[in-house]
Amino acid sequence: MSNKITQLDLVGQSFPGCRSYIHSSTIIELATDKFEKTGKGITYKDLTDAGISIHKNHAQDILKYHLRKGDIFKLKDKRPQQYYPTNIKSKVIEKIAKNTPIDLTGVDLLSTPSSSKSPLSQCLQYTVIPTLEGYVLPLLLQAPLFIHNMHFKTKVLPECYSELDLPCYKRNNGKYHPEIIGKTKVDYVFYASGTVDIYASCSNNPFKLETEVDRFRIIEFFGQIRAGLINLLNDKHERIVGDMAEWELTECDINRDIKVSDLLHFSAIKVLVKHLDHLFSIYIKSMHEDTTCRVEERKHPNQSAIEFINDVFNPVERVEKQLAEIGRKIDRICSVNNIDGSSKDLVATSTAATTSNFSDVRC
């Protein structure tokens, strides 16, 4: 008996008609690599060129097997047939949608019928608004809250700017250092005044804001950003970099994501709504293998990053602080205008009743 070991991944390759057991990771990696490089799916030719199969029929059997398993998918019939990796399905459809003109642009789809004769255009015309009104909006309040694209500001010694040997930033004569922390790209930008701007870009991997575990994770992430700055400045005794509680969060995006059909990539939905000092946006986004409708608000807290996060997790406490501040303002107004006690109580009661309606609302 032979002691030769035959790898499971190669079983069946030398025997026509035998079931193929090529490991899923091999096919997914091959499909992902080709899509990233060319924007196209793999065909039987890619399998034969890579030495995975020995002839056309065998390669086609392998692809059909992994199609049934769900490792890969196809969009439409082609010759030769192209297959794409399922783990980035939404990204694939998003890219194809951008390269498929069907006369659907911007928010025109939301208000006026499209003049395109494309069947896909006509179908989407009657799908988008019902999807937003009947599906997305009802699920919005139950969807988890996330935060992404955070912009921090802090101060260090001005001397640090001249000592840092870093490339120039794209504007304002800054110097910057990019770094990857977990799944987030972080850019540290230094200015001659000692100001440091930190940009944390994590649109595809936003931080959840629901439970105490989520709060721990985002505070831990803040600590990692601070640690990156400490290491960059070689501040071993932490005499240059200030405490995280002193860092200002100047901008961030708060969002909720609702999973929707991949076909909505073709709708090119992008809506901007400005109400008072609030800016909301709605758009379709690729999230790995899923497609989501993201409802997002751009915020400018201009307050301590730690304090802002605590306010998000404790909205009632935030409203209580607002009421206390309003009470102090009422006291000052009353003292200046000599308003008697009964009038003062009436103003305070009216103000409290008005603001109490917002005690359940998060940022």
# chains A, B, ... in the order shown; residues from 1 in each chain; ligands from 1
>>> closest_atom_pairs(of="region 226-307 of chain A", to="region 162-180 of chain A", cutoff="12 Å", atoms="only C-alpha atoms", output="tab-separated table")
residue	atom	partner	partner_atom	distance
A:Ala227	CA	A:Glu179	CA	11.7
A:Gly228	CA	A:Glu179	CA	8.2
A:Leu229	CA	A:His177	CA	9.6
A:Asn231	CA	A:Glu179	CA	11.6
A:Leu232	CA	A:His177	CA	8.6
A:Leu233	CA	A:Leu164	CA	8.0
A:Asn234	CA	A:Leu164	CA	10.7
>>> residues_around(residues="region 29-34 of chain A", least_positions_apart="4", cutoff="6 Å", atoms="only C-alpha atoms", output="list of chain:residue names")
A:Ser25, A:Thr38, A:Ile42, A:Tyr84, A:Pro85
>>> write_last_selection(atoms="N, CA and C atoms", output="PDB file, in the first residue's frame")
ATOM      1  N   SER A  25     -11.914  28.663  -0.305  1.00  0.00           N
ATOM      2  CA  SER A  25     -11.016  29.810  -0.178  1.00  0.00           C
ATOM      3  C   SER A  25     -10.186  30.011  -1.442  1.00  0.00           C
ATOM      4  N   THR A  38      -9.278  43.794 -12.377  1.00  0.00           N
ATOM      5  CA  THR A  38      -9.862  44.030 -13.702  1.00  0.00           C
ATOM      6  C   THR A  38     -11.323  44.458 -13.671  1.00  0.00           C
ATOM      7  N   ILE A  42     -14.324  35.699 -12.747  1.00  0.00           N
ATOM      8  CA  ILE A  42     -13.490  34.611 -13.240  1.00  0.00           C
ATOM      9  C   ILE A  42     -14.285  33.725 -14.199  1.00  0.00           C
ATOM     10  N   TYR A  84     -18.457  35.973  -9.760  1.00  0.00           N
ATOM     11  CA  TYR A  84     -17.905  36.955  -8.829  1.00  0.00           C
ATOM     12  C   TYR A  84     -17.972  36.422  -7.403  1.00  0.00           C
ATOM     13  N   PRO A  85     -17.080  36.879  -6.514  1.00  0.00           N
ATOM     14  CA  PRO A  85     -17.089  36.400  -5.124  1.00  0.00           C
ATOM     15  C   PRO A  85     -18.291  36.944  -4.353  1.00  0.00           C
TER      16      PRO A  85
END
>>> select_by_dssp(residues="region 109-321 of chain A", states="helix (DSSP H, G or I)", output="NGL selection string")
:A and (109-111 or 119-125 or 128-140 or 159-163 or 212-232 or 244-246 or 262-267 or 305-313 or 315-321)
>>> write_last_selection(atoms="C-alpha atoms", output="compact mmCIF listing (two decimals), in the first residue's frame")
# COMPACT_ATOMS: atom_id res chain seq x y z
CA LEU A 109 -35.67 59.60 -9.70
CA LEU A 110 -37.47 60.61 -6.52
CA SER A 111 -39.59 63.29 -8.12
CA PRO A 119 -36.58 47.85 -18.49
CA LEU A 120 -34.35 48.17 -15.44
CA SER A 121 -34.95 51.93 -15.35
CA GLN A 122 -38.72 51.49 -15.58
CA CYS A 123 -38.65 48.86 -12.86
CA LEU A 124 -36.60 50.98 -10.46
CA GLN A 125 -38.82 53.97 -11.12
CA VAL A 128 -37.33 53.28 -5.04
CA ILE A 129 -39.96 55.44 -3.31
CA PRO A 130 -42.02 52.46 -1.99
CA THR A 131 -38.80 50.96 -0.69
CA LEU A 132 -37.85 54.14 1.17
CA GLU A 133 -41.33 54.86 2.52
CA GLY A 134 -42.63 51.36 3.14
CA TYR A 135 -39.47 49.50 4.15
CA VAL A 136 -36.59 51.76 5.16
CA LEU A 137 -38.43 54.36 7.27
CA PRO A 138 -40.43 51.85 9.41
CA LEU A 139 -37.22 49.97 10.26
CA LEU A 140 -35.16 53.06 10.95
CA GLU A 159 8.29 72.58 18.65
CA CYS A 160 7.02 69.16 17.61
CA TYR A 161 6.13 70.46 14.15
CA SER A 162 9.70 71.34 13.18
CA GLU A 163 11.13 68.15 14.68
CA GLU A 212 -22.11 49.39 27.34
CA VAL A 213 -19.83 46.98 25.48
CA ASP A 214 -20.03 49.30 22.46
CA ARG A 215 -19.12 52.26 24.66
CA PHE A 216 -16.12 50.36 26.02
CA ARG A 217 -14.96 49.53 22.49
CA ILE A 218 -15.12 53.09 21.20
CA ILE A 219 -13.42 54.52 24.29
CA GLU A 220 -10.74 51.87 23.83
CA PHE A 221 -10.38 53.00 20.21
CA PHE A 222 -9.93 56.59 21.39
CA GLY A 223 -7.14 55.33 23.63
CA GLN A 224 -5.49 53.59 20.67
CA ILE A 225 -5.54 56.84 18.69
CA ARG A 226 -3.93 58.66 21.60
CA ALA A 227 -1.35 55.88 21.97
CA GLY A 228 -0.50 56.26 18.28
CA LEU A 229 0.17 59.97 18.80
CA ILE A 230 2.29 59.25 21.89
CA ASN A 231 4.41 56.76 19.94
CA LEU A 232 4.76 59.13 17.00
CA MET A 244 -8.24 62.09 25.92
CA ALA A 245 -10.86 63.94 27.97
CA GLU A 246 -9.27 67.18 26.69
CA ASP A 262 -28.64 45.05 -4.45
CA LEU A 263 -30.59 46.45 -7.41
CA LEU A 264 -30.87 49.82 -5.66
CA HIS A 265 -27.23 50.44 -6.60
CA PHE A 266 -28.61 51.21 -10.05
CA SER A 267 -30.94 53.89 -8.68
CA ALA A 305 -14.95 63.49 22.62
CA ILE A 306 -15.55 61.52 25.84
CA GLU A 307 -18.38 63.84 26.88
CA PHE A 308 -20.05 63.53 23.48
CA ILE A 309 -19.98 59.72 23.59
CA ASN A 310 -21.37 59.74 27.13
CA ASP A 311 -24.20 62.02 25.98
CA VAL A 312 -25.05 59.61 23.15
CA PHE A 313 -25.27 56.68 25.56
CA PRO A 315 -29.64 60.90 26.39
CA VAL A 316 -31.76 61.45 29.51
CA GLU A 317 -28.77 62.77 31.41
CA ARG A 318 -27.99 65.03 28.46
CA VAL A 319 -31.50 66.47 28.51
CA GLU A 320 -31.27 66.96 32.28
CA LYS A 321 -28.10 69.00 31.73
>>> atom_distance(atom1="CA of Ile96 (chain A)", atom2="CA of Asn149 (chain A)")
26.1 Å
>>> residues_around(residues="Asp277 (chain A)", least_positions_apart="5", cutoff="10 Å", atoms="only C-alpha atoms", output="PDB file with C-alpha atoms, in the first residue's frame")
ATOM      1  CA  ARG A 298     -23.373  65.132   9.951  1.00  0.00           C
ATOM      2  CA  LYS A 299     -22.711  66.531  13.420  1.00  0.00           C
ATOM      3  CA  HIS A 300     -20.357  69.214  14.723  1.00  0.00           C
TER       4      HIS A 300
END
>>> atom_distance(atom1="CA of Ile240 (chain A)", atom2="CA of Leu157 (chain A)")
6.5 Å
>>> atom_distance(atom1="CA of Lys185 (chain A)", atom2="CA of Val271 (chain A)")
26.3 Å
